[in-house]
Amino acid sequence: MEEEELKSNPFAALFPTISVAQFYVTSRGTAKTKDDQNSKVARMNIEEELLGPVDPPKDDQVKEIQDLNNIIEEIFLVTLNKFSVLGGDQKQLVYLSSLADILGTQAWLDLPTLEQALFERVMLPNPLDHLVTDPAAKSLDCAHLIETQLVRYLAECFRRCNRVLARQTNTTNRFAGYIKQMKGMVVQNMVTAFREPDLYLGQDLSQQLCDLVMDSYEVELHLAQLLNSLAEKVKEEEKEGGILLEAIVYPVLDNMKNHIQGTSMILFCANTVLPLQYFLSSPILAKVFILHSYPKSPHNGKSFEETLIGSIFQKSCLATTESGSWDYFNQPSGQPSSVHGATEARIWSGLESVHSAGHSLLKQLLRVSEDSKHFTLLWLGDCLAANVGRGKMWTSQMGSLLSAGLASDGFMLNLGSTLLRLCAPMAEDPIKMNKVDPTYTAKVIVVSEDRRLAGVHMQGLPGETCLVGMEEAEREKRETSASYNFPTEIFFMAHKTLDLGFRPVQEKFIKLNQELSRLQSAYRDAAQVGGVAAEQVQARMEAAMQKYLSLKAALLEPSTMGQQTSLMASTASWLVSLATCSQEPCLPAGQVSESDSPPVLACVPEFVMENLCEHLLLVKRFNPGHFEQVGTKLGSILMVILFFMDQPFLLRNPHLRARLAESLECLLPSHEVQGQPNSLGSYQRQALFQEHKHSLRIAEAILHVFVSIEETGQAVEFEQKFSYRRPMYDVIKYIWELDMFKTKLNKLAKQAEREIESEHPPLFLKFLNLLINDAIFLLDEGLNYMKQIQEKEGEREGWATLPPAERAEAESGFQHMGQLAKYHNLMGGETIDMLEMLTSSITAVITHSTIADRLAAMLNYFLKTLTGPERKSFKVSNLDKYSFKPGEVVSRITQIYLNLEQSQTFIKAISRDGRSYSPSLFSMAETVLIKVGRADLASALGQIAAKVVVANIALAEEEELLADCPEEFLCPIMSIVMMDPVKLPSSKQTVDRTTIARHLLSDQSDPFNRAPLTMDMVEQDMELKEKVKAWVEEKKSMKK
């Protein structure tokens, strides 16, 4: 072809110069055979006949072809024109010689030829062999030019499509459609490759895709779009029998799981899970992702931990199994607290990353589509159902035998922390919180497919024990909604996770804390002797301390603790609003009746209230300063405590009401952790007790729950009752120091005295009666144990000759006896201290004959026991070891005498006690008081002794006077003269009013036949009363 002809050819513009175009024509072999030329001429003639004369393309058409060719070359770095690199934008390209030969004179790439070009490019075993380079180019321009990995090459092409598309202007926007088609070709080629991998020998496509995703340092938009487009295309072809999307994606997800599992918790960060983001923005990929994490054995709780999602929640500072290794705080006793603090900080940082990643993951899965939301909630619901065994008492007792089928502590704690984050929006917004529907727990789903329609993905909730109990038949009739919203589901899921995760771990933590104290005590004893035994105890102590510090770090992670408090406060407000059916709740004026109890409380599981109690207990014991940081939320928590603590028909379980009293004690301002500085003080907690609008209700509520423990109608061990009452003592002692509460308690005492014979014994009267009962039991038991310990200490020397098994058994029994003695001595001392405190300001009702006789008899008995000859029976080698402080008890008993000395009724009651009182009683006590440095009390006690002597003389004269009292005038219970006889309606027995009143304080039944009995039911026997009165007057007149 002549030079002039080339100049007039519009496609010459594809070449940098006319000479290059001339060389290209020559190189293409323009000399054809005659037959070829003839056939070409024949074709041209036919075209001309059909279409008319063919005009050469116009300049704008040539320009478009040229621009499109340049774009294709820029994106795919291939060419049909080996001279395109000379003077063109791309200085290096892969020359597709085979395709160029097939196309003949077409030296440009367009969309039809691109499909062939792209296929040829990805099939090249070594693109470097086909590289054409501008001689002026210095070196290889980019790795993409000679990329041999199919997936990486296509992904880069997709990215370049986006880059070119982004710079399109209004004048060049006509190519946007072409570029989108190019992206489609890229996707189609990738689909084809995965569908027909045998075509691409030596290419590990799954590994290439995995490497591409895993190598990301940030979420790349082009890669996310490519994966989304790939998923959509594969799903289209699945309908026609194409490759399953799972076959492409699952190997990548498996690789990700292995990567996460291999990353330590300390090194865990956002980048660890960044590749997961590629699967969370696409509805199709998100569904595949969550289904990939669904375990093959969904009834095995541990199997959820072994999934991709589970591998995130598994990251913890705790051992993954009961017998597993603990990786943090090694050799803790040999490290200073600063090292432990630094380790704890690193753990918290790692846990924060885990919780943040878990929250982001679940949040995206819940938002991307309804499908992924359903399967995510299903995963959570089934995970909780499979791990319900973690909340059973037998699980904690069996330990490692059952852990194989249940998720680890760390997994459950992290899952709980993540769900707390999901609850954060409604925990901070009452409007959102009020959307939680309590009837969710009563919804029974029979067909699993209905779980999605009903919005109920949790299992087993209808069988949970609720705040207000119901018979089985009634439970099935509870009203429910047709479907439930997301806030409701996530609220109950979060609480159930706390119940199955935090509660068992907190129980382990507290038990370990107690075990550590015992081991430290044992080590101090063993260290004095040394040897192998001391080393063994030290090793056990080190292991226990390591576990303790790890559990502490896991439970007290700051952000989780803050979110947990927020949820507990919002839950408290929600519970009160349910009970009052009002958004502006106020406390009920008195006891709520069964008929007024809101039915909806029969749907609220007890574990919701238990979670509140457990959280407050944890904060009080290990981080009380946290209460000051969340001070504004404490009011809501106090409100729910006061609302339910003394309302049996709002909260049926007496043990749970007692736990609310314990929760109230947790909020006392006095709590601090030794060695843990608290710069925030206790202002918020003080304000809670002194300034909350309902704080004065504390006085009455704490007395009510104190009494209700005794009136449960259930078998409750004495020790358990006292463990409940001990925190109540602390609350009463604290509020006693505040004048407004002391005034309130005095009013309750005076009210009790006025209503002492009412149908139902007044609250303060029942409280005093139980306090006296407790003191009698505890002090008596403590003394019995001290007597036994004295005997065992005498026998202990001979145990050395016993066989090892018998010796060990004897020692174990001795240690256990010592623990029981210490417990009863401590509690007995606190009970006497409580009586001393109350009598210092309150005399109403205490000095009434109904109480005075019992109180005086108790004080006399223990004063005699602790100061008389019998006191030598309690002397042991180490009194402090068993918290036995007889001197203090005698001092407190003496102070109670002094507090009540102005009451003639009380003085007479002391002298009437024929069991323990004698003229020498107080002189023996004075001797002991002087020995313990309380001469002041000894002197005052002498004055009381004189008053009692006078009363005793009068009593002796009266007894002598009434010695021959007729049998019918004597009370059959106490054998005293019935000055106020009353008849019992059921048994028809006649007893003294004071005697039956005292009996009914503890037992509201007829003592003769156990029939129900209250004071308003007794009938005064006026005829007998007049007879007794006449007989007594006659005896007195005879004496005169």
# chains A, B, ... in the order shown; residues from 1 in each chain; ligands from 1
call {"tool": "residues_around", "arguments": {"residues": "Ser303 in chain A", "least_positions_apart": "5", "cutoff": "10 Å", "atoms": "only C-alpha atoms", "output": "tab-separated table (two decimals) with N, CA, C and O atoms, in the first residue's frame"}}
result
chain	number	residue	atom	x	y	z
A	293	SER	N	-20.95	-20.71	58.87
A	293	SER	CA	-20.66	-20.76	60.30
A	293	SER	C	-21.68	-21.57	61.08
A	293	SER	O	-21.58	-21.62	62.31
A	294	TYR	N	-22.64	-22.15	60.41
A	294	TYR	CA	-23.61	-22.95	61.13
A	294	TYR	C	-23.03	-24.35	61.33
A	294	TYR	O	-22.65	-25.02	60.37
A	295	PRO	N	-22.92	-24.80	62.58
A	295	PRO	CA	-22.23	-26.08	62.84
A	295	PRO	C	-23.02	-27.28	62.34
A	295	PRO	O	-24.25	-27.24	62.23
A	296	LYS	N	-22.28	-28.34	62.06
A	296	LYS	CA	-22.93	-29.57	61.61
A	296	LYS	C	-23.66	-30.26	62.75
A	296	LYS	O	-24.58	-31.04	62.52
A	297	SER	N	-23.23	-30.00	63.98
A	297	SER	CA	-23.89	-30.58	65.16
A	297	SER	C	-24.44	-29.45	66.02
A	297	SER	O	-23.84	-29.07	67.03
A	298	PRO	N	-25.57	-28.89	65.64
A	298	PRO	CA	-26.09	-27.70	66.33
A	298	PRO	C	-26.54	-27.95	67.75
A	298	PRO	O	-26.81	-27.00	68.49
A	310	GLY	N	-17.44	-18.30	65.58
A	310	GLY	CA	-17.00	-18.75	66.90
A	310	GLY	C	-15.52	-18.53	67.14
A	310	GLY	O	-15.09	-18.32	68.27
A	383	CYS	N	-27.28	-21.39	69.39
A	383	CYS	CA	-26.06	-21.43	70.21
A	383	CYS	C	-26.43	-21.39	71.69
A	383	CYS	O	-25.89	-22.16	72.50
A	386	ALA	N	-28.05	-24.70	72.73
A	386	ALA	CA	-27.08	-25.79	72.84
A	386	ALA	C	-26.22	-25.66	74.09
A	386	ALA	O	-25.65	-26.65	74.57
A	404	ALA	N	-16.87	-30.72	77.42
A	404	ALA	CA	-16.63	-31.09	76.02
A	404	ALA	C	-17.81	-30.76	75.13
A	404	ALA	O	-17.65	-30.48	73.94
A	405	GLY	N	-19.00	-30.78	75.69
A	405	GLY	CA	-20.19	-30.50	74.89
A	405	GLY	C	-20.70	-29.09	75.02
A	405	GLY	O	-21.77	-28.76	74.50
A	406	LEU	N	-19.95	-28.22	75.72
A	406	LEU	CA	-20.41	-26.86	75.95
A	406	LEU	C	-19.32	-25.87	75.56
A	406	LEU	O	-18.12	-26.17	75.61
A	407	ALA	N	-19.74	-24.68	75.17
A	407	ALA	CA	-18.78	-23.64	74.79
A	407	ALA	C	-17.97	-23.21	76.01
A	407	ALA	O	-18.40	-23.34	77.15
call {"tool": "residues_around", "arguments": {"residues": "Pro135 in chain A", "least_positions_apart": "6", "cutoff": "9 Å", "atoms": "only C-alpha atoms", "output": "ChimeraX atom specification"}}
result
/A:85-86,91
call {"tool": "write_last_selection", "arguments": {"atoms": "N, CA and C atoms", "output": "PDB file, in the first residue's frame"}}
result
ATOM      1  N   VAL A  85       2.737   0.537  21.453  1.00  0.00           N
ATOM      2  CA  VAL A  85       3.541   1.057  22.566  1.00  0.00           C
ATOM      3  C   VAL A  85       4.423   2.216  22.140  1.00  0.00           C
ATOM      4  N   LEU A  86       4.562   2.400  20.796  1.00  0.00           N
ATOM      5  CA  LEU A  86       5.419   3.476  20.288  1.00  0.00           C
ATOM      6  C   LEU A  86       4.598   4.763  20.214  1.00  0.00           C
ATOM      7  N   LYS A  91       3.322   2.007  27.559  1.00  0.00           N
ATOM      8  CA  LYS A  91       4.671   1.766  27.029  1.00  0.00           C
ATOM      9  C   LYS A  91       5.003   0.277  26.980  1.00  0.00           C
TER      10      LYS A  91
END
call {"tool": "residues_around", "arguments": {"residues": "Ser216 in chain A", "least_positions_apart": "4", "cutoff": "12 Å", "atoms": "only C-alpha atoms", "output": "number ranges by chain"}}
result
A: 209-212, 220-224, 270-278
call {"tool": "select_by_dssp", "arguments": {"residues": "range 750-902 of chain A", "states": "alpha helix (DSSP H)", "output": "MDAnalysis selection string"}}
result
chainID A and resid 750:754 763:796 804:839 849:867 886:899
call {"tool": "residues_around", "arguments": {"residues": "range 570-572 of chain A", "least_positions_apart": "6", "cutoff": "7 Å", "atoms": "only C-alpha atoms", "output": "tab-separated table (two decimals) with N, CA and C atoms, in the first residue's frame"}}
result
chain	number	residue	atom	x	y	z
A	427	ALA	N	-30.50	0.61	75.40
A	427	ALA	CA	-30.15	0.80	76.81
A	427	ALA	C	-30.04	2.29	77.14
A	636	SER	N	-32.30	4.27	88.88
A	636	SER	CA	-33.17	3.27	88.25
A	636	SER	C	-33.01	1.91	88.92
A	637	ILE	N	-31.77	1.59	89.28
A	637	ILE	CA	-31.51	0.30	89.92
A	637	ILE	C	-32.12	0.26	91.32
A	640	VAL	N	-35.97	-0.36	91.10
A	640	VAL	CA	-36.46	-1.73	90.88
A	640	VAL	C	-36.26	-2.58	92.13
call {"tool": "atom_distance", "arguments": {"atom1": "CA of Asp780 in chain A", "atom2": "CA of His824 in chain A"}}
result
8.7 Å
call {"tool": "atom_distance", "arguments": {"atom1": "CA of Ser708 in chain A", "atom2": "CA of Asp646 in chain A"}}
result
8.2 Å
call {"tool": "residues_around", "arguments": {"residues": "range 58-75 of chain A", "least_positions_apart": "5", "cutoff": "6 Å", "atoms": "only C-alpha atoms", "output": "PDB file with C-alpha atoms, in the first residue's frame"}}
result
ATOM      1  CA  TRP A 108      -7.516  -2.536  17.331  1.00  0.00           C
ATOM      2  CA  LEU A 109      -9.492  -4.026  20.208  1.00  0.00           C
ATOM      3  CA  CYS A 157      -8.572  -5.552  35.477  1.00  0.00           C
ATOM      4  CA  ARG A 160      -8.693  -0.600  36.464  1.00  0.00           C
TER       5      ARG A 160
END
call {"tool": "atom_distance", "arguments": {"atom1": "CA of Asp936 in chain A", "atom2": "CA of Lys742 in chain A"}}
result
26.6 Å
call {"tool": "closest_residue", "arguments": {"among": "A:Ser521, A:Thr565, A:Gln181, A:Gln943", "to": "Thr632 in chain A", "atoms": "only C-alpha atoms"}}
result
A:Thr565
call {"tool": "residues_around", "arguments": {"residues": "Ala533 in chain A", "least_positions_apart": "6", "cutoff": "12 Å", "atoms": "only C-alpha atoms", "output": "number ranges by chain"}}
result
A: 522-527, 539-540
call {"tool": "write_last_selection", "arguments": {"atoms": "all heavy atoms", "output": "PDB file, in the first residue's frame"}}
result
ATOM      1  N   ALA A 522      -3.231 -21.909 104.256  1.00  0.00           N
ATOM      2  CA  ALA A 522      -2.556 -23.206 104.364  1.00  0.00           C
ATOM      3  C   ALA A 522      -1.068 -23.072 104.064  1.00  0.00           C
ATOM      4  O   ALA A 522      -0.228 -23.728 104.696  1.00  0.00           O
ATOM      5  CB  ALA A 522      -3.192 -24.208 103.404  1.00  0.00           C
ATOM      6  N   TYR A 523      -0.715 -22.200 103.125  1.00  0.00           N
ATOM      7  CA  TYR A 523       0.695 -22.027 102.762  1.00  0.00           C
ATOM      8  C   TYR A 523       1.472 -21.378 103.909  1.00  0.00           C
ATOM      9  O   TYR A 523       2.615 -21.753 104.185  1.00  0.00           O
ATOM     10  CB  TYR A 523       0.809 -21.169 101.501  1.00  0.00           C
ATOM     11  CG  TYR A 523       2.241 -20.897 101.111  1.00  0.00           C
ATOM     12  CD1 TYR A 523       3.055 -21.922 100.613  1.00  0.00           C
ATOM     13  CD2 TYR A 523       2.798 -19.632 101.262  1.00  0.00           C
ATOM     14  CE1 TYR A 523       4.381 -21.682 100.280  1.00  0.00           C
ATOM     15  CE2 TYR A 523       4.111 -19.381 100.927  1.00  0.00           C
ATOM     16  CZ  TYR A 523       4.900 -20.416 100.436  1.00  0.00           C
ATOM     17  OH  TYR A 523       6.208 -20.180 100.100  1.00  0.00           O
ATOM     18  N   ARG A 524       0.839 -20.411 104.573  1.00  0.00           N
ATOM     19  CA  ARG A 524       1.522 -19.787 105.714  1.00  0.00           C
ATOM     20  C   ARG A 524       1.834 -20.816 106.793  1.00  0.00           C
ATOM     21  O   ARG A 524       2.916 -20.802 107.389  1.00  0.00           O
ATOM     22  CB  ARG A 524       0.659 -18.649 106.274  1.00  0.00           C
ATOM     23  CG  ARG A 524       0.666 -17.393 105.437  1.00  0.00           C
ATOM     24  CD  ARG A 524       0.047 -16.228 106.192  1.00  0.00           C
ATOM     25  NE  ARG A 524      -1.375 -16.436 106.430  1.00  0.00           N
ATOM     26  CZ  ARG A 524      -2.333 -16.035 105.600  1.00  0.00           C
ATOM     27  NH1 ARG A 524      -2.014 -15.394 104.480  1.00  0.00           N
ATOM     28  NH2 ARG A 524      -3.603 -16.252 105.878  1.00  0.00           N
ATOM     29  N   ASP A 525       0.900 -21.731 107.017  1.00  0.00           N
ATOM     30  CA  ASP A 525       1.135 -22.785 108.019  1.00  0.00           C
ATOM     31  C   ASP A 525       2.218 -23.754 107.543  1.00  0.00           C
ATOM     32  O   ASP A 525       3.112 -24.132 108.309  1.00  0.00           O
ATOM     33  CB  ASP A 525      -0.162 -23.551 108.279  1.00  0.00           C
ATOM     34  CG  ASP A 525      -1.223 -22.675 108.954  1.00  0.00           C
ATOM     35  OD1 ASP A 525      -0.855 -21.634 109.531  1.00  0.00           O
ATOM     36  OD2 ASP A 525      -2.416 -23.035 108.878  1.00  0.00           O
ATOM     37  N   ALA A 526       2.114 -24.149 106.245  1.00  0.00           N
ATOM     38  CA  ALA A 526       3.063 -25.133 105.711  1.00  0.00           C
ATOM     39  C   ALA A 526       4.469 -24.553 105.584  1.00  0.00           C
ATOM     40  O   ALA A 526       5.464 -25.271 105.734  1.00  0.00           O
ATOM     41  CB  ALA A 526       2.581 -25.639 104.354  1.00  0.00           C
ATOM     42  N   ALA A 527       4.550 -23.240 105.298  1.00  0.00           N
ATOM     43  CA  ALA A 527       5.863 -22.617 105.101  1.00  0.00           C
ATOM     44  C   ALA A 527       6.696 -22.623 106.376  1.00  0.00           C
ATOM     45  O   ALA A 527       7.932 -22.614 106.326  1.00  0.00           O
ATOM     46  CB  ALA A 527       5.685 -21.185 104.609  1.00  0.00           C
ATOM     47  N   ALA A 539       2.540 -24.510  94.818  1.00  0.00           N
ATOM     48  CA  ALA A 539       2.213 -24.745  93.408  1.00  0.00           C
ATOM     49  C   ALA A 539       0.713 -24.596  93.165  1.00  0.00           C
ATOM     50  O   ALA A 539       0.278 -23.987  92.177  1.00  0.00           O
ATOM     51  CB  ALA A 539       2.679 -26.138  92.993  1.00  0.00           C
ATOM     52  N   ARG A 540      -0.079 -25.144  94.081  1.00  0.00           N
ATOM     53  CA  ARG A 540      -1.532 -25.007  93.951  1.00  0.00           C
ATOM     54  C   ARG A 540      -1.952 -23.547  94.082  1.00  0.00           C
ATOM     55  O   ARG A 540      -2.841 -23.072  93.379  1.00  0.00           O
ATOM     56  CB  ARG A 540      -2.229 -25.848  95.016  1.00  0.00           C
ATOM     57  CG  ARG A 540      -2.136 -27.355  94.790  1.00  0.00           C
ATOM     58  CD  ARG A 540      -2.718 -28.121  95.955  1.00  0.00           C
ATOM     59  NE  ARG A 540      -4.121 -27.744  96.183  1.00  0.00           N
ATOM     60  CZ  ARG A 540      -4.774 -27.980  97.313  1.00  0.00           C
ATOM     61  NH1 ARG A 540      -4.155 -28.574  98.334  1.00  0.00           N
ATOM     62  NH2 ARG A 540      -6.040 -27.620  97.439  1.00  0.00           N
TER      63      ARG A 540
END
